[in-house]
Amino acid sequence: MATKLPIVETFQSIQGEGAHAGRSAFFIRLASCKVGCSWCDTKESWSSQNYPLQTVDNLAKDTVIAKKQGASFLVITGGEPLHHDLTSLCEAIRNSTLSINKEHMPIHIETSGVDQLSGSPDWLTVSPKKHFPPKKEILKVCQEIKVVIHTKDDLQFAEEIAKIAMAQKETTSHQPLLFLQPGWGDKEGKNLTIEYIIRNSQWRLSLQTHKWLEID
Ligand code: SF4
């Protein structure tokens, strides 16, 4: 279990995307990603070399401060956060934040789904990538699937992923929310997304509202 992790940044802001968009959150952005998306807007996080290791205890203390300052939940993002074993980090955060209101801070993880799950998050968002598909196991347990749309092929990929996730419905009561998110600044992606959601009611629109608002 990792007791120190390479951290790009921590900050308190508003969740911009998905089902929890618009809510106050504390973010921990971990370094390292081998998924290599061409449109990635956090390429600086791909290598962990440039970032200091921080202890899970210090990250838990920062999360306690954020909770006292009004953050509703924690988002662990990246990079690809599940390249790391998040068990120790999530345990430390649960234990530390329990002291406030006797409820631990809900932990959300945002992942591409290419690794094994760790940390037992309260909310798991899988943003699958066509060139590096997610593990089927992780699709079984996520609360939210969010697919970035640039081309028609992305829509087909989104349906394939949804089919895999929904196939679990007969064996569990779990059914993830389905989001399509147009690629930032991509007119074709925007038009495809809107037209598709209008005709396919199981999908919802996710926008990167933090980018529209020009905040982190
Ligand atoms: S998985 Fe995320 S962090 Fe990694 S390359 Fe793709 S968009 Fe960037």
# chains A, B, ... in the order shown; residues from 1 in each chain; ligands from 1

$ residues_near_ligand --ligand "ligand 1" --cutoff "8 Å" --atoms "only C-alpha atoms and all ligand atoms" --output "list of chain:residue names"
A:Ser32, A:Cys33, A:Lys34, A:Val35, A:Gly36, A:Cys37, A:Ser38, A:Trp39, A:Cys40, A:Asp41, A:Thr42, A:Lys43, A:Ser45, A:Trp46, A:Gly78, A:Gly79, A:Glu80, A:Thr111, A:Ser112, A:Ser127, A:Lys129

$ residues_around --residues "A:Ile65" --least-positions-apart "6" --cutoff "12 Å" --atoms "only C-alpha atoms" --output "PyMOL selection string"
chain A and resi 10-12+25-26+58-59+71-72+74+93+96-97+99-100+105

$ write_last_selection --atoms "C-alpha atoms" --output "PDB file, in the first residue's frame"
ATOM      1  CA  THR A  10      -4.544  19.986  -4.496  1.00  0.00           C
ATOM      2  CA  PHE A  11      -7.257  22.626  -4.600  1.00  0.00           C
ATOM      3  CA  GLN A  12     -10.788  23.428  -3.544  1.00  0.00           C
ATOM      4  CA  ALA A  25     -15.306  19.765  -3.801  1.00  0.00           C
ATOM      5  CA  PHE A  26     -11.693  19.267  -2.798  1.00  0.00           C
ATOM      6  CA  ASN A  58      -0.632  15.170   5.099  1.00  0.00           C
ATOM      7  CA  LEU A  59      -3.143  14.758   2.266  1.00  0.00           C
ATOM      8  CA  ALA A  71     -16.099  21.057   0.475  1.00  0.00           C
ATOM      9  CA  SER A  72     -18.865  18.450   0.106  1.00  0.00           C
ATOM     10  CA  LEU A  74     -13.190  14.717  -2.263  1.00  0.00           C
ATOM     11  CA  ILE A  93      -8.977  10.386   4.622  1.00  0.00           C
ATOM     12  CA  SER A  96      -9.388  11.848   9.578  1.00  0.00           C
ATOM     13  CA  THR A  97     -12.568  13.395   8.207  1.00  0.00           C
ATOM     14  CA  SER A  99     -13.982  13.730  13.320  1.00  0.00           C
ATOM     15  CA  ILE A 100     -16.163  16.396  11.644  1.00  0.00           C
ATOM     16  CA  MET A 105     -15.857  12.888   3.582  1.00  0.00           C
TER      17      MET A 105
END

$ closest_residue --among "A:Ser24, A:Thr3, A:Thr125, A:Gln156" --to "A:Leu86" --atoms "only C-alpha atoms"
A:Thr3

$ residues_around --residues "A:Asp153" --least-positions-apart "4" --cutoff "12 Å" --atoms "only C-alpha atoms" --output "number ranges by chain"
A: 129-131, 147-149, 157-160, 189, 192-193

$ residues_around --residues "A:Leu213" --least-positions-apart "2" --cutoff "12 Å" --atoms "only C-alpha atoms" --output "PDB file with N, CA and C atoms, in the first residue's frame"
ATOM      1  N   SER A  13     -12.519  23.673  -5.204  1.00  0.00           N
ATOM      2  CA  SER A  13     -13.206  24.364  -6.300  1.00  0.00           C
ATOM      3  C   SER A  13     -14.615  23.791  -6.435  1.00  0.00           C
ATOM      4  N   ILE A  14     -15.161  23.920  -7.643  1.00  0.00           N
ATOM      5  CA  ILE A  14     -16.489  23.372  -7.941  1.00  0.00           C
ATOM      6  C   ILE A  14     -16.309  22.229  -8.926  1.00  0.00           C
ATOM      7  N   GLN A  15     -16.947  21.109  -8.629  1.00  0.00           N
ATOM      8  CA  GLN A  15     -16.903  19.999  -9.596  1.00  0.00           C
ATOM      9  C   GLN A  15     -17.570  20.468 -10.892  1.00  0.00           C
ATOM     10  N   GLY A  16     -16.858  20.332 -12.000  1.00  0.00           N
ATOM     11  CA  GLY A  16     -17.373  20.881 -13.250  1.00  0.00           C
ATOM     12  C   GLY A  16     -18.171  19.899 -14.090  1.00  0.00           C
ATOM     13  N   GLY A  22     -21.314  21.336 -10.228  1.00  0.00           N
ATOM     14  CA  GLY A  22     -21.890  22.471  -9.515  1.00  0.00           C
ATOM     15  C   GLY A  22     -21.727  22.401  -8.012  1.00  0.00           C
ATOM     16  N   LEU A 207     -21.016  18.718 -19.414  1.00  0.00           N
ATOM     17  CA  LEU A 207     -20.194  19.813 -19.948  1.00  0.00           C
ATOM     18  C   LEU A 207     -19.066  20.110 -18.979  1.00  0.00           C
ATOM     19  N   GLN A 208     -17.945  20.563 -19.496  1.00  0.00           N
ATOM     20  CA  GLN A 208     -16.829  20.957 -18.615  1.00  0.00           C
ATOM     21  C   GLN A 208     -17.093  22.389 -18.143  1.00  0.00           C
ATOM     22  N   THR A 209     -18.022  22.516 -17.203  1.00  0.00           N
ATOM     23  CA  THR A 209     -18.478  23.863 -16.809  1.00  0.00           C
ATOM     24  C   THR A 209     -17.358  24.684 -16.183  1.00  0.00           C
ATOM     25  N   HIS A 210     -16.375  24.018 -15.565  1.00  0.00           N
ATOM     26  CA  HIS A 210     -15.258  24.764 -14.970  1.00  0.00           C
ATOM     27  C   HIS A 210     -14.459  25.494 -16.054  1.00  0.00           C
ATOM     28  N   LYS A 211     -14.435  24.924 -17.266  1.00  0.00           N
ATOM     29  CA  LYS A 211     -13.722  25.596 -18.359  1.00  0.00           C
ATOM     30  C   LYS A 211     -14.519  26.802 -18.869  1.00  0.00           C
ATOM     31  N   ILE A 215     -12.344  28.530 -14.346  1.00  0.00           N
ATOM     32  CA  ILE A 215     -11.802  28.221 -13.022  1.00  0.00           C
ATOM     33  C   ILE A 215     -11.135  26.860 -13.106  1.00  0.00           C
ATOM     34  N   ASP A 216     -10.369  26.478 -12.068  1.00  0.00           N
ATOM     35  CA  ASP A 216      -9.685  25.178 -12.051  1.00  0.00           C
ATOM     36  C   ASP A 216     -10.697  24.059 -12.052  1.00  0.00           C
TER      37      ASP A 216
END

$ closest_residue --among "A:Ile76, A:Leu139, A:Leu98, A:Leu177" --to "A:Ile164" --atoms "only C-alpha atoms"
A:Leu139

$ residues_around --residues "A:Tyr196" --least-positions-apart "2" --cutoff "12 Å" --atoms "only C-alpha atoms" --output "list in words"
Ile149, Thr151, Lys152, Asp154, Leu155, Gln156, Ala158, Glu159, Phe179, Leu180, Gln181, Pro182, Gly189, Lys190, Asn191, Leu192, Thr193, Ile194, Ile198, Arg199, Asn200, Ser201, Gln202, Trp203, Arg204 and Leu205 of chain A

$ closest_residue --among "A:Lys136, A:His150, A:Lys68, A:His84" --to "A:Pro6" --atoms "only C-alpha atoms"
A:His84

$ decode --residues "stretch 45-101 of chain A" --atoms "C-alpha atoms" --output "CSV table (one decimal), in the first residue's frame"
chain,number,residue,atom,x,y,z
A,45,SER,CA,0.7,15.1,-15.1
A,46,TRP,CA,1.8,12.1,-17.3
A,47,SER,CA,5.2,11.8,-15.6
A,48,SER,CA,5.5,11.5,-11.9
A,49,GLN,CA,9.2,12.6,-12.0
A,50,ASN,CA,8.6,16.3,-11.6
A,51,TYR,CA,6.3,16.1,-8.6
A,52,PRO,CA,7.1,15.7,-4.9
A,53,LEU,CA,5.9,12.7,-2.9
A,54,GLN,CA,3.4,13.7,-0.2
A,55,THR,CA,2.4,11.4,2.7
A,56,VAL,CA,-1.2,10.2,2.9
A,57,ASP,CA,-1.4,11.7,6.4
A,58,ASN,CA,-0.6,15.2,5.1
A,59,LEU,CA,-3.1,14.8,2.3
A,60,ALA,CA,-5.7,13.7,4.8
A,61,LYS,CA,-5.0,16.8,6.9
A,62,ASP,CA,-5.5,19.0,3.8
A,63,THR,CA,-8.8,17.2,3.2
A,64,VAL,CA,-10.0,17.9,6.8
A,65,ILE,CA,-9.2,21.6,6.3
A,66,ALA,CA,-11.2,21.6,3.0
A,67,LYS,CA,-14.1,19.9,4.7
A,68,LYS,CA,-14.1,22.5,7.4
A,69,GLN,CA,-14.1,25.1,4.6
A,70,GLY,CA,-17.2,23.7,3.0
A,71,ALA,CA,-16.1,21.1,0.5
A,72,SER,CA,-18.9,18.4,0.1
A,73,PHE,CA,-16.7,15.6,-1.2
A,74,LEU,CA,-13.2,14.7,-2.3
A,75,VAL,CA,-12.3,14.0,-5.9
A,76,ILE,CA,-9.2,12.0,-6.5
A,77,THR,CA,-8.1,12.6,-10.1
A,78,GLY,CA,-5.1,12.7,-12.3
A,79,GLY,CA,-3.3,11.8,-14.4
A,80,GLU,CA,-4.6,8.3,-13.9
A,81,PRO,CA,-5.1,7.9,-10.1
A,82,LEU,CA,-5.5,4.2,-10.2
A,83,HIS,CA,-2.0,3.7,-11.5
A,84,HIS,CA,-1.4,3.9,-7.7
A,85,ASP,CA,-2.8,1.8,-4.9
A,86,LEU,CA,-5.2,4.3,-3.2
A,87,THR,CA,-6.0,2.0,-0.2
A,88,SER,CA,-3.9,3.9,2.4
A,89,LEU,CA,-4.9,7.4,1.1
A,90,CYS,CA,-8.6,6.6,1.2
A,91,GLU,CA,-8.3,5.0,4.7
A,92,ALA,CA,-6.4,8.0,6.1
A,93,ILE,CA,-9.0,10.4,4.6
A,94,ARG,CA,-11.9,8.4,5.9
A,95,ASN,CA,-10.5,8.2,9.4
A,96,SER,CA,-9.4,11.8,9.6
A,97,THR,CA,-12.6,13.4,8.2
A,98,LEU,CA,-14.8,11.3,10.5
A,99,SER,CA,-14.0,13.7,13.3
A,100,ILE,CA,-16.2,16.4,11.6
A,101,ASN,CA,-19.9,15.8,11.9
